[in-house]
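S.K.: Just upload-v1.pdb, nothing more (PDB, N, CA and C atoms, pLDDT in the B column):
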```pdb
MODEL        1
ATOM      1  N   MET N   1       0.810  -1.205   0.000  1.00 38.00           N
ATOM      2  CA  MET N   1       0.000   0.000   0.000  1.00 38.00           C
ATOM      3  C   MET N   1       0.847   1.260   0.000  1.00 38.00           C
ATOM      4  N   LYS N   2       1.966   1.262   0.680  1.00 43.00           N
ATOM      5  CA  LYS N   2       2.793   2.459   0.737  1.00 43.00           C
ATOM      6  C   LYS N   2       3.324   2.835  -0.632  1.00 43.00           C
ATOM      7  N   ILE N   3       3.675   1.844  -1.446  1.00 40.00           N
ATOM      8  CA  ILE N   3       4.183   2.127  -2.786  1.00 40.00           C
ATOM      9  C   ILE N   3       3.085   2.760  -3.631  1.00 40.00           C
ATOM     10  N   LYS N   4       1.875   2.254  -3.571  1.00 45.00           N
ATOM     11  CA  LYS N   4       0.774   2.856  -4.322  1.00 45.00           C
ATOM     12  C   LYS N   4       0.551   4.297  -3.897  1.00 45.00           C
ATOM     13  N   HIS N   5       0.628   4.548  -2.609  1.00 41.00           N
ATOM     14  CA  HIS N   5       0.456   5.912  -2.106  1.00 41.00           C
ATOM     15  C   HIS N   5       1.549   6.822  -2.646  1.00 41.00           C
ATOM     16  N   LEU N   6       2.786   6.332  -2.674  1.00 39.00           N
ATOM     17  CA  LEU N   6       3.911   7.118  -3.178  1.00 39.00           C
ATOM     18  C   LEU N   6       3.735   7.406  -4.665  1.00 39.00           C
ATOM     19  N   ILE N   7       3.342   6.400  -5.437  1.00 42.00           N
ATOM     20  CA  ILE N   7       3.133   6.599  -6.869  1.00 42.00           C
ATOM     21  C   ILE N   7       2.031   7.618  -7.102  1.00 42.00           C
ATOM     22  N   CYS N   8       0.946   7.527  -6.383  1.00 44.00           N
ATOM     23  CA  CYS N   8      -0.143   8.501  -6.527  1.00 44.00           C
ATOM     24  C   CYS N   8       0.343   9.891  -6.159  1.00 44.00           C
ATOM     25  N   HIS N   9       1.140  10.002  -5.125  1.00 43.00           N
ATOM     26  CA  HIS N   9       1.669  11.299  -4.708  1.00 43.00           C
ATOM     27  C   HIS N   9       2.526  11.906  -5.809  1.00 43.00           C
ATOM     28  N   ILE N  10       3.372  11.091  -6.437  1.00 44.00           N
ATOM     29  CA  ILE N  10       4.218  11.589  -7.523  1.00 44.00           C
ATOM     30  C   ILE N  10       3.355  12.020  -8.701  1.00 44.00           C
ATOM     31  N   LEU N  11       2.386  11.210  -9.078  1.00 49.00           N
ATOM     32  CA  LEU N  11       1.544  11.538 -10.221  1.00 49.00           C
ATOM     33  C   LEU N  11       0.722  12.801  -9.988  1.00 49.00           C
ATOM     34  N   LEU N  12       0.269  12.992  -8.767  1.00 51.00           N
ATOM     35  CA  LEU N  12      -0.550  14.163  -8.487  1.00 51.00           C
ATOM     36  C   LEU N  12       0.227  15.465  -8.591  1.00 51.00           C
ATOM     37  N   PHE N  13       1.530  15.410  -8.462  1.00 56.00           N
ATOM     38  CA  PHE N  13       2.307  16.626  -8.493  1.00 56.00           C
ATOM     39  C   PHE N  13       3.191  16.716  -9.724  1.00 56.00           C
ATOM     40  N   ALA N  14       2.926  15.918 -10.735  1.00 86.00           N
ATOM     41  CA  ALA N  14       3.715  15.916 -11.960  1.00 86.00           C
ATOM     42  C   ALA N  14       3.239  17.025 -12.896  1.00 86.00           C
ATOM     43  N   TYR N  15       4.190  17.524 -13.636  1.00 90.00           N
ATOM     44  CA  TYR N  15       3.906  18.508 -14.680  1.00 90.00           C
ATOM     45  C   TYR N  15       4.231  17.877 -16.021  1.00 90.00           C
ATOM     46  N   LEU N  16       3.521  18.277 -17.043  1.00 91.00           N
ATOM     47  CA  LEU N  16       3.798  17.821 -18.397  1.00 91.00           C
ATOM     48  C   LEU N  16       3.933  19.045 -19.281  1.00 91.00           C
ATOM     49  N   LEU N  17       5.076  19.146 -19.939  1.00 93.00           N
ATOM     50  CA  LEU N  17       5.328  20.234 -20.871  1.00 93.00           C
ATOM     51  C   LEU N  17       5.194  19.667 -22.265  1.00 93.00           C
ATOM     52  N   GLY N  18       4.390  20.312 -23.091  1.00 93.00           N
ATOM     53  CA  GLY N  18       4.149  19.812 -24.439  1.00 93.00           C
ATOM     54  C   GLY N  18       3.744  20.938 -25.368  1.00 93.00           C
ATOM     55  N   VAL N  19       2.989  20.575 -26.396  1.00 95.00           N
ATOM     56  CA  VAL N  19       2.574  21.533 -27.420  1.00 95.00           C
ATOM     57  C   VAL N  19       1.064  21.440 -27.615  1.00 95.00           C
ATOM     58  N   LYS N  20       0.427  22.585 -27.685  1.00 95.00           N
ATOM     59  CA  LYS N  20      -0.995  22.656 -28.018  1.00 95.00           C
ATOM     60  C   LYS N  20      -1.175  23.809 -28.995  1.00 95.00           C
ATOM     61  N   ASP N  21      -1.760  23.509 -30.126  1.00 96.00           N
ATOM     62  CA  ASP N  21      -1.998  24.518 -31.165  1.00 96.00           C
ATOM     63  C   ASP N  21      -0.708  25.240 -31.550  1.00 96.00           C
ATOM     64  N   GLY N  22       0.416  24.525 -31.490  1.00 96.00           N
ATOM     65  CA  GLY N  22       1.699  25.079 -31.892  1.00 96.00           C
ATOM     66  C   GLY N  22       2.458  25.825 -30.804  1.00 96.00           C
ATOM     67  N   PHE N  23       1.847  26.014 -29.660  1.00 96.00           N
ATOM     68  CA  PHE N  23       2.471  26.776 -28.579  1.00 96.00           C
ATOM     69  C   PHE N  23       2.940  25.858 -27.451  1.00 96.00           C
ATOM     70  N   ILE N  24       4.025  26.251 -26.786  1.00 95.00           N
ATOM     71  CA  ILE N  24       4.518  25.516 -25.628  1.00 95.00           C
ATOM     72  C   ILE N  24       3.467  25.611 -24.533  1.00 95.00           C
ATOM     73  N   THR N  25       3.089  24.448 -23.997  1.00 94.00           N
ATOM     74  CA  THR N  25       1.966  24.371 -23.073  1.00 94.00           C
ATOM     75  C   THR N  25       2.329  23.530 -21.860  1.00 94.00           C
ATOM     76  N   LEU N  26       1.789  23.914 -20.708  1.00 94.00           N
ATOM     77  CA  LEU N  26       2.044  23.217 -19.457  1.00 94.00           C
ATOM     78  C   LEU N  26       0.738  22.673 -18.897  1.00 94.00           C
ATOM     79  N   TRP N  27       0.776  21.388 -18.532  1.00 92.00           N
ATOM     80  CA  TRP N  27      -0.340  20.744 -17.847  1.00 92.00           C
ATOM     81  C   TRP N  27       0.129  20.309 -16.472  1.00 92.00           C
ATOM     82  N   LYS N  28      -0.782  20.219 -15.537  1.00 88.00           N
ATOM     83  CA  LYS N  28      -0.473  19.709 -14.194  1.00 88.00           C
ATOM     84  C   LYS N  28      -1.414  18.555 -13.901  1.00 88.00           C
ATOM     85  N   ASP N  29      -0.840  17.533 -13.266  1.00 76.00           N
ATOM     86  CA  ASP N  29      -1.599  16.319 -12.943  1.00 76.00           C
ATOM     87  C   ASP N  29      -2.146  15.714 -14.228  1.00 76.00           C
ATOM     88  N   ASP N  30      -3.322  15.163 -14.180  1.00 71.00           N
ATOM     89  CA  ASP N  30      -3.973  14.585 -15.362  1.00 71.00           C
ATOM     90  C   ASP N  30      -5.165  15.429 -15.779  1.00 71.00           C
ATOM     91  N   ILE N  31      -5.086  16.726 -15.541  1.00 81.00           N
ATOM     92  CA  ILE N  31      -6.173  17.637 -15.885  1.00 81.00           C
ATOM     93  C   ILE N  31      -6.137  17.903 -17.388  1.00 81.00           C
ATOM     94  N   ALA N  32      -7.279  17.814 -18.024  1.00 83.00           N
ATOM     95  CA  ALA N  32      -7.347  17.971 -19.478  1.00 83.00           C
ATOM     96  C   ALA N  32      -6.997  19.383 -19.941  1.00 83.00           C
ATOM     97  N   GLU N  33      -7.423  20.367 -19.189  1.00 91.00           N
ATOM     98  CA  GLU N  33      -7.151  21.752 -19.574  1.00 91.00           C
ATOM     99  C   GLU N  33      -5.734  22.155 -19.165  1.00 91.00           C
ATOM    100  N   PRO N  34      -5.041  22.879 -20.032  1.00 93.00           N
ATOM    101  CA  PRO N  34      -3.683  23.304 -19.684  1.00 93.00           C
ATOM    102  C   PRO N  34      -3.664  24.264 -18.502  1.00 93.00           C
ATOM    103  N   LEU N  35      -2.585  24.165 -17.745  1.00 92.00           N
ATOM    104  CA  LEU N  35      -2.345  25.101 -16.666  1.00 92.00           C
ATOM    105  C   LEU N  35      -1.945  26.452 -17.255  1.00 92.00           C
ATOM    106  N   ARG N  36      -1.148  26.384 -18.336  1.00 94.00           N
ATOM    107  CA  ARG N  36      -0.704  27.623 -18.976  1.00 94.00           C
ATOM    108  C   ARG N  36      -0.277  27.336 -20.408  1.00 94.00           C
ATOM    109  N   VAL N  37      -0.659  28.221 -21.321  1.00 95.00           N
ATOM    110  CA  VAL N  37      -0.181  28.193 -22.700  1.00 95.00           C
ATOM    111  C   VAL N  37       0.728  29.402 -22.850  1.00 95.00           C
ATOM    112  N   PHE N  38       1.994  29.138 -23.138  1.00 94.00           N
ATOM    113  CA  PHE N  38       2.969  30.217 -23.244  1.00 94.00           C
ATOM    114  C   PHE N  38       2.909  30.850 -24.631  1.00 94.00           C
ATOM    115  N   PRO N  39       3.190  32.136 -24.736  1.00 95.00           N
ATOM    116  CA  PRO N  39       3.121  32.808 -26.040  1.00 95.00           C
ATOM    117  C   PRO N  39       4.393  32.574 -26.874  1.00 95.00           C
ATOM    118  N   TYR N  40       4.885  31.343 -26.844  1.00 94.00           N
ATOM    119  CA  TYR N  40       6.083  30.970 -27.591  1.00 94.00           C
ATOM    120  C   TYR N  40       5.762  29.755 -28.444  1.00 94.00           C
ATOM    121  N   ARG N  41       6.047  29.861 -29.728  1.00 96.00           N
ATOM    122  CA  ARG N  41       5.772  28.764 -30.648  1.00 96.00           C
ATOM    123  C   ARG N  41       6.843  27.685 -30.513  1.00 96.00           C
ATOM    124  N   ALA N  42       6.409  26.448 -30.507  1.00 96.00           N
ATOM    125  CA  ALA N  42       7.337  25.320 -30.399  1.00 96.00           C
ATOM    126  C   ALA N  42       8.245  25.237 -31.619  1.00 96.00           C
ATOM    127  N   ASP N  43       7.750  25.659 -32.783  1.00 96.00           N
ATOM    128  CA  ASP N  43       8.573  25.556 -33.990  1.00 96.00           C
ATOM    129  C   ASP N  43       9.719  26.566 -34.032  1.00 96.00           C
ATOM    130  N   SER N  44       9.815  27.424 -33.019  1.00 95.00           N
ATOM    131  CA  SER N  44      10.943  28.346 -32.936  1.00 95.00           C
ATOM    132  C   SER N  44      12.142  27.697 -32.217  1.00 95.00           C
ATOM    133  N   LEU N  45      11.939  26.501 -31.681  1.00 95.00           N
ATOM    134  CA  LEU N  45      12.992  25.777 -30.963  1.00 95.00           C
ATOM    135  C   LEU N  45      13.755  24.856 -31.918  1.00 95.00           C
ATOM    136  N   PRO N  46      14.950  24.424 -31.511  1.00 95.00           N
ATOM    137  CA  PRO N  46      15.695  23.449 -32.321  1.00 95.00           C
ATOM    138  C   PRO N  46      14.879  22.162 -32.504  1.00 95.00           C
ATOM    139  N   PRO N  47      15.126  21.438 -33.599  1.00 97.00           N
ATOM    140  CA  PRO N  47      14.347  20.219 -33.894  1.00 97.00           C
ATOM    141  C   PRO N  47      14.321  19.193 -32.757  1.00 97.00           C
ATOM    142  N   GLU N  48      15.441  19.025 -32.038  1.00 96.00           N
ATOM    143  CA  GLU N  48      15.460  18.040 -30.944  1.00 96.00           C
ATOM    144  C   GLU N  48      14.474  18.425 -29.845  1.00 96.00           C
ATOM    145  N   ASP N  49      14.428  19.721 -29.542  1.00 95.00           N
ATOM    146  CA  ASP N  49      13.500  20.202 -28.510  1.00 95.00           C
ATOM    147  C   ASP N  49      12.057  20.085 -28.977  1.00 95.00           C
ATOM    148  N   GLN N  50      11.818  20.338 -30.250  1.00 95.00           N
ATOM    149  CA  GLN N  50      10.467  20.197 -30.794  1.00 95.00           C
ATOM    150  C   GLN N  50       9.985  18.754 -30.676  1.00 95.00           C
ATOM    151  N   LYS N  51      10.875  17.804 -30.978  1.00 95.00           N
ATOM    152  CA  LYS N  51      10.507  16.387 -30.873  1.00 95.00           C
ATOM    153  C   LYS N  51      10.189  16.015 -29.426  1.00 95.00           C
ATOM    154  N   ALA N  52      11.029  16.471 -28.502  1.00 95.00           N
ATOM    155  CA  ALA N  52      10.804  16.171 -27.086  1.00 95.00           C
ATOM    156  C   ALA N  52       9.463  16.738 -26.628  1.00 95.00           C
ATOM    157  N   LEU N  53       9.165  17.965 -27.016  1.00 94.00           N
ATOM    158  CA  LEU N  53       7.891  18.581 -26.626  1.00 94.00           C
ATOM    159  C   LEU N  53       6.704  17.870 -27.264  1.00 94.00           C
ATOM    160  N   SER N  54       6.860  17.426 -28.499  1.00 94.00           N
ATOM    161  CA  SER N  54       5.741  16.737 -29.152  1.00 94.00           C
ATOM    162  C   SER N  54       5.427  15.413 -28.463  1.00 94.00           C
ATOM    163  N   ARG N  55       6.440  14.780 -27.861  1.00 93.00           N
ATOM    164  CA  ARG N  55       6.218  13.552 -27.080  1.00 93.00           C
ATOM    165  C   ARG N  55       5.718  13.875 -25.683  1.00 93.00           C
ATOM    166  N   GLY N  56       6.058  15.069 -25.201  1.00 92.00           N
ATOM    167  CA  GLY N  56       5.697  15.483 -23.850  1.00 92.00           C
ATOM    168  C   GLY N  56       6.858  15.228 -22.901  1.00 92.00           C
ATOM    169  N   ILE N  57       7.172  16.206 -22.087  1.00 92.00           N
ATOM    170  CA  ILE N  57       8.259  16.096 -21.121  1.00 92.00           C
ATOM    171  C   ILE N  57       7.634  16.179 -19.739  1.00 92.00           C
ATOM    172  N   LYS N  58       7.816  15.103 -18.951  1.00 90.00           N
ATOM    173  CA  LYS N  58       7.205  15.040 -17.626  1.00 90.00           C
ATOM    174  C   LYS N  58       8.212  15.459 -16.565  1.00 90.00           C
ATOM    175  N   PHE N  59       7.753  16.233 -15.609  1.00 89.00           N
ATOM    176  CA  PHE N  59       8.590  16.699 -14.505  1.00 89.00           C
ATOM    177  C   PHE N  59       7.901  16.380 -13.190  1.00 89.00           C
ATOM    178  N   ASP N  60       8.667  15.840 -12.270  1.00 84.00           N
ATOM    179  CA  ASP N  60       8.143  15.586 -10.934  1.00 84.00           C
ATOM    180  C   ASP N  60       8.531  16.704  -9.983  1.00 84.00           C
ATOM    181  N   LYS N  61       9.564  17.470 -10.349  1.00 86.00           N
ATOM    182  CA  LYS N  61      10.031  18.557  -9.492  1.00 86.00           C
ATOM    183  C   LYS N  61       9.833  19.891 -10.191  1.00 86.00           C
ATOM    184  N   LYS N  62       9.265  20.819  -9.471  1.00 85.00           N
ATOM    185  CA  LYS N  62       9.010  22.142 -10.028  1.00 85.00           C
ATOM    186  C   LYS N  62      10.313  22.828 -10.445  1.00 85.00           C
ATOM    187  N   GLU N  63      11.399  22.565  -9.723  1.00 88.00           N
ATOM    188  CA  GLU N  63      12.689  23.187 -10.034  1.00 88.00           C
ATOM    189  C   GLU N  63      13.179  22.756 -11.411  1.00 88.00           C
ATOM    190  N   ASP N  64      13.001  21.465 -11.751  1.00 90.00           N
ATOM    191  CA  ASP N  64      13.409  20.965 -13.060  1.00 90.00           C
ATOM    192  C   ASP N  64      12.576  21.602 -14.165  1.00 90.00           C
ATOM    193  N   LEU N  65      11.290  21.737 -13.904  1.00 89.00           N
ATOM    194  CA  LEU N  65      10.400  22.383 -14.857  1.00 89.00           C
ATOM    195  C   LEU N  65      10.821  23.829 -15.099  1.00 89.00           C
ATOM    196  N   LEU N  66      11.089  24.564 -14.032  1.00 90.00           N
ATOM    197  CA  LEU N  66      11.475  25.966 -14.168  1.00 90.00           C
ATOM    198  C   LEU N  66      12.783  26.120 -14.935  1.00 90.00           C
ATOM    199  N   ALA N  67      13.709  25.198 -14.737  1.00 92.00           N
ATOM    200  CA  ALA N  67      14.989  25.262 -15.449  1.00 92.00           C
ATOM    201  C   ALA N  67      14.797  25.093 -16.951  1.00 92.00           C
ATOM    202  N   ILE N  68      13.985  24.141 -17.365  1.00 91.00           N
ATOM    203  CA  ILE N  68      13.793  23.937 -18.803  1.00 91.00           C
ATOM    204  C   ILE N  68      12.944  25.048 -19.408  1.00 91.00           C
ATOM    205  N   LEU N  69      11.981  25.550 -18.650  1.00 89.00           N
ATOM    206  CA  LEU N  69      11.204  26.679 -19.155  1.00 89.00           C
ATOM    207  C   LEU N  69      12.098  27.896 -19.396  1.00 89.00           C
ATOM    208  N   GLU N  70      13.034  28.111 -18.503  1.00 90.00           N
ATOM    209  CA  GLU N  70      13.958  29.222 -18.679  1.00 90.00           C
ATOM    210  C   GLU N  70      14.762  29.056 -19.975  1.00 90.00           C
ATOM    211  N   ASP N  71      15.180  27.838 -20.269  1.00 89.00           N
ATOM    212  CA  ASP N  71      15.905  27.578 -21.506  1.00 89.00           C
ATOM    213  C   ASP N  71      15.011  27.789 -22.727  1.00 89.00           C
ATOM    214  N   TYR N  72      13.819  27.236 -22.706  1.00 89.00           N
ATOM    215  CA  TYR N  72      12.930  27.303 -23.861  1.00 89.00           C
ATOM    216  C   TYR N  72      12.378  28.705 -24.111  1.00 89.00           C
ATOM    217  N   LEU N  73      12.105  29.438 -23.055  1.00 86.00           N
ATOM    218  CA  LEU N  73      11.408  30.715 -23.213  1.00 86.00           C
ATOM    219  C   LEU N  73      12.333  31.927 -23.244  1.00 86.00           C
ATOM    220  N   SER N  74      13.629  31.690 -23.175  1.00 83.00           N
ATOM    221  CA  SER N  74      14.542  32.847 -23.197  1.00 83.00           C
ATOM    222  C   SER N  74      15.053  33.134 -24.589  1.00 83.00           C
TER     223      SER N  74
ENDMDL
END
```
Before anything else, please render the file you have as structure tokens.
M.R.:
Amino acid sequence: MKIKHLICHILLFAYLLGVKDGFITLWKDDIAEPLRVFPYRADSLPPEDQKALSRGIKFDKKEDLLAILEDYLS
């Protein structure tokens, strides 16, 4: 039971960075609506980053998310 609780805890606080309508988008948890759509087009990034975003990049730590957002949005 403790492992299930830990997995649920991790999933509840996960972030997913991806693309919606061509823009870099952030989702939290498994909520269908985005937490935020950034005014930056994914196609302005290098091809490797575009591929990663199209697959979705999951973050369990807010610090990791903020670091990659700083790279992508600067």
S.K.: Once the PyMOL selection byres (((chain N and resi 22 and name CA) around 6) and name CA) has been evaluated on this model, what residues remain selected, and can you format them as a list in words?
M.R.: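 Going through the file, the PyMOL selection byres (((chain N and resi 22 and name CA) around 6) and name CA) ends up selecting Val19, Lys20, Asp21, Phe23, Arg41 and Ala42 of chain N.
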S.K.: Measuring between only C-alpha atoms, which one of N:Ile68, N:Glu33, N:Leu45, N:Lys61 shows the shortest distance to Tyr15 of chain N?
M.R.: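 Of the candidates, the smallest distance to Tyr15 of chain N is held by N:Lys61.
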S.K.: Ranking N:Tyr40, N:Pro34, N:Arg55, N:Ala14 by minimum distance to Leu69 of chain N and counting only C-alpha atoms, which one comes first?
M.R.: N:Tyr40
S.K.: Could you check which of N:Ala52, N:Ile57, N:Val37, N:Leu66 is closest to Ile24 of chain N, using all atoms listed in the file?
M.R.: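 Selected residue with least distance to Ile24 of chain N: N:Val37.
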S.K.: Go ahead and compute the interatomic distance for atom N of Asp29 of chain N and atom N of Glu63 of chain N, in Å to one decimal.
M.R.: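 Between atom N of Asp29 of chain N and atom N of Glu63 of chain N the gap works out to 13.7 Å.
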S.K.: Expressed in Å to a single decimal, how great is the separation between atom CA of Asp49 of chain N and atom CA of Ser74 of chain N?
M.R.: 13.8 Å
S.K.: Quick one: distance from atom CA of Ala67 of chain N to atom CA of Ala32 of chain N in Å, one decimal?
M.R.: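 These two atoms are separated by 23.8 Å.
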S.K.: Which residues come within 6 Å of Leu17 of chain N, counting all atoms listed in the file, excluding same-chain residues fewer than 2 positions away, as a PyMOL selection string?
M.R.: chain N and resi 15+19+25-27+53+56-59
S.K.: Report as a PyMOL selection string: the residues of chain N with a DSSP assignment of strand (DSSP E or B), based on the backbone of this structure.
M.R.: chain N and resi 15-20+23-28+36-41+57-59
S.K.: Point out the residue among N:Leu65, N:Gly18, N:Tyr72, N:Leu35 with the least atom-to-atom distance to Lys51 of chain N, counting only C-alpha atoms.
M.R.: N:Gly18
S.K.: Would you fill out segment 14-36 of chain N with N, CA, C and O atoms and return it as a PDB file, in the coordinates of the input?
M.R.:
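Final output, saved to rebuild.pdb:
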```pdb
ATOM      1  N   ALA N  14       2.926  15.918 -10.735  1.00 86.00           N
ATOM      2  CA  ALA N  14       3.715  15.916 -11.960  1.00 86.00           C
ATOM      3  C   ALA N  14       3.239  17.025 -12.896  1.00 86.00           C
ATOM      4  O   ALA N  14       2.072  17.396 -12.916  1.00 86.00           O
ATOM      5  N   TYR N  15       4.190  17.524 -13.636  1.00 90.00           N
ATOM      6  CA  TYR N  15       3.906  18.508 -14.680  1.00 90.00           C
ATOM      7  C   TYR N  15       4.231  17.877 -16.021  1.00 90.00           C
ATOM      8  O   TYR N  15       5.135  17.049 -16.125  1.00 90.00           O
ATOM      9  N   LEU N  16       3.521  18.277 -17.043  1.00 91.00           N
ATOM     10  CA  LEU N  16       3.798  17.821 -18.397  1.00 91.00           C
ATOM     11  C   LEU N  16       3.933  19.045 -19.281  1.00 91.00           C
ATOM     12  O   LEU N  16       3.032  19.890 -19.337  1.00 91.00           O
ATOM     13  N   LEU N  17       5.076  19.146 -19.939  1.00 93.00           N
ATOM     14  CA  LEU N  17       5.328  20.234 -20.871  1.00 93.00           C
ATOM     15  C   LEU N  17       5.194  19.667 -22.265  1.00 93.00           C
ATOM     16  O   LEU N  17       5.783  18.633 -22.589  1.00 93.00           O
ATOM     17  N   GLY N  18       4.390  20.312 -23.091  1.00 93.00           N
ATOM     18  CA  GLY N  18       4.149  19.812 -24.439  1.00 93.00           C
ATOM     19  C   GLY N  18       3.744  20.938 -25.368  1.00 93.00           C
ATOM     20  O   GLY N  18       4.084  22.105 -25.148  1.00 93.00           O
ATOM     21  N   VAL N  19       2.989  20.575 -26.396  1.00 95.00           N
ATOM     22  CA  VAL N  19       2.574  21.533 -27.420  1.00 95.00           C
ATOM     23  C   VAL N  19       1.064  21.440 -27.615  1.00 95.00           C
ATOM     24  O   VAL N  19       0.503  20.341 -27.685  1.00 95.00           O
ATOM     25  N   LYS N  20       0.427  22.585 -27.685  1.00 95.00           N
ATOM     26  CA  LYS N  20      -0.995  22.656 -28.018  1.00 95.00           C
ATOM     27  C   LYS N  20      -1.175  23.809 -28.995  1.00 95.00           C
ATOM     28  O   LYS N  20      -0.734  24.927 -28.723  1.00 95.00           O
ATOM     29  N   ASP N  21      -1.760  23.509 -30.126  1.00 96.00           N
ATOM     30  CA  ASP N  21      -1.998  24.518 -31.165  1.00 96.00           C
ATOM     31  C   ASP N  21      -0.708  25.240 -31.550  1.00 96.00           C
ATOM     32  O   ASP N  21      -0.713  26.425 -31.859  1.00 96.00           O
ATOM     33  N   GLY N  22       0.416  24.525 -31.490  1.00 96.00           N
ATOM     34  CA  GLY N  22       1.699  25.079 -31.892  1.00 96.00           C
ATOM     35  C   GLY N  22       2.458  25.825 -30.804  1.00 96.00           C
ATOM     36  O   GLY N  22       3.599  26.213 -30.999  1.00 96.00           O
ATOM     37  N   PHE N  23       1.847  26.014 -29.660  1.00 96.00           N
ATOM     38  CA  PHE N  23       2.471  26.776 -28.579  1.00 96.00           C
ATOM     39  C   PHE N  23       2.940  25.858 -27.451  1.00 96.00           C
ATOM     40  O   PHE N  23       2.315  24.830 -27.172  1.00 96.00           O
ATOM     41  N   ILE N  24       4.025  26.251 -26.786  1.00 95.00           N
ATOM     42  CA  ILE N  24       4.518  25.516 -25.628  1.00 95.00           C
ATOM     43  C   ILE N  24       3.467  25.611 -24.533  1.00 95.00           C
ATOM     44  O   ILE N  24       2.997  26.706 -24.210  1.00 95.00           O
ATOM     45  N   THR N  25       3.089  24.448 -23.997  1.00 94.00           N
ATOM     46  CA  THR N  25       1.966  24.371 -23.073  1.00 94.00           C
ATOM     47  C   THR N  25       2.329  23.530 -21.860  1.00 94.00           C
ATOM     48  O   THR N  25       3.052  22.553 -21.964  1.00 94.00           O
ATOM     49  N   LEU N  26       1.789  23.914 -20.708  1.00 94.00           N
ATOM     50  CA  LEU N  26       2.044  23.217 -19.457  1.00 94.00           C
ATOM     51  C   LEU N  26       0.738  22.673 -18.897  1.00 94.00           C
ATOM     52  O   LEU N  26      -0.265  23.385 -18.808  1.00 94.00           O
ATOM     53  N   TRP N  27       0.776  21.388 -18.532  1.00 92.00           N
ATOM     54  CA  TRP N  27      -0.340  20.744 -17.847  1.00 92.00           C
ATOM     55  C   TRP N  27       0.129  20.309 -16.472  1.00 92.00           C
ATOM     56  O   TRP N  27       1.312  20.049 -16.272  1.00 92.00           O
ATOM     57  N   LYS N  28      -0.782  20.219 -15.537  1.00 88.00           N
ATOM     58  CA  LYS N  28      -0.473  19.709 -14.194  1.00 88.00           C
ATOM     59  C   LYS N  28      -1.414  18.555 -13.901  1.00 88.00           C
ATOM     60  O   LYS N  28      -2.585  18.595 -14.254  1.00 88.00           O
ATOM     61  N   ASP N  29      -0.840  17.533 -13.266  1.00 76.00           N
ATOM     62  CA  ASP N  29      -1.599  16.319 -12.943  1.00 76.00           C
ATOM     63  C   ASP N  29      -2.146  15.714 -14.228  1.00 76.00           C
ATOM     64  O   ASP N  29      -1.515  15.783 -15.269  1.00 76.00           O
ATOM     65  N   ASP N  30      -3.322  15.163 -14.180  1.00 71.00           N
ATOM     66  CA  ASP N  30      -3.973  14.585 -15.362  1.00 71.00           C
ATOM     67  C   ASP N  30      -5.165  15.429 -15.779  1.00 71.00           C
ATOM     68  O   ASP N  30      -6.146  14.928 -16.304  1.00 71.00           O
ATOM     69  N   ILE N  31      -5.086  16.726 -15.541  1.00 81.00           N
ATOM     70  CA  ILE N  31      -6.173  17.637 -15.885  1.00 81.00           C
ATOM     71  C   ILE N  31      -6.137  17.903 -17.388  1.00 81.00           C
ATOM     72  O   ILE N  31      -5.081  18.176 -17.955  1.00 81.00           O
ATOM     73  N   ALA N  32      -7.279  17.814 -18.024  1.00 83.00           N
ATOM     74  CA  ALA N  32      -7.347  17.971 -19.478  1.00 83.00           C
ATOM     75  C   ALA N  32      -6.997  19.383 -19.941  1.00 83.00           C
ATOM     76  O   ALA N  32      -6.353  19.566 -20.963  1.00 83.00           O
ATOM     77  N   GLU N  33      -7.423  20.367 -19.189  1.00 91.00           N
ATOM     78  CA  GLU N  33      -7.151  21.752 -19.574  1.00 91.00           C
ATOM     79  C   GLU N  33      -5.734  22.155 -19.165  1.00 91.00           C
ATOM     80  O   GLU N  33      -5.293  21.827 -18.071  1.00 91.00           O
ATOM     81  N   PRO N  34      -5.041  22.879 -20.032  1.00 93.00           N
ATOM     82  CA  PRO N  34      -3.683  23.304 -19.684  1.00 93.00           C
ATOM     83  C   PRO N  34      -3.664  24.264 -18.502  1.00 93.00           C
ATOM     84  O   PRO N  34      -4.576  25.067 -18.324  1.00 93.00           O
ATOM     85  N   LEU N  35      -2.585  24.165 -17.745  1.00 92.00           N
ATOM     86  CA  LEU N  35      -2.345  25.101 -16.666  1.00 92.00           C
ATOM     87  C   LEU N  35      -1.945  26.452 -17.255  1.00 92.00           C
ATOM     88  O   LEU N  35      -2.355  27.503 -16.779  1.00 92.00           O
ATOM     89  N   ARG N  36      -1.148  26.384 -18.336  1.00 94.00           N
ATOM     90  CA  ARG N  36      -0.704  27.623 -18.976  1.00 94.00           C
ATOM     91  C   ARG N  36      -0.277  27.336 -20.408  1.00 94.00           C
ATOM     92  O   ARG N  36       0.368  26.341 -20.685  1.00 94.00           O
TER      93      ARG N  36
END
```
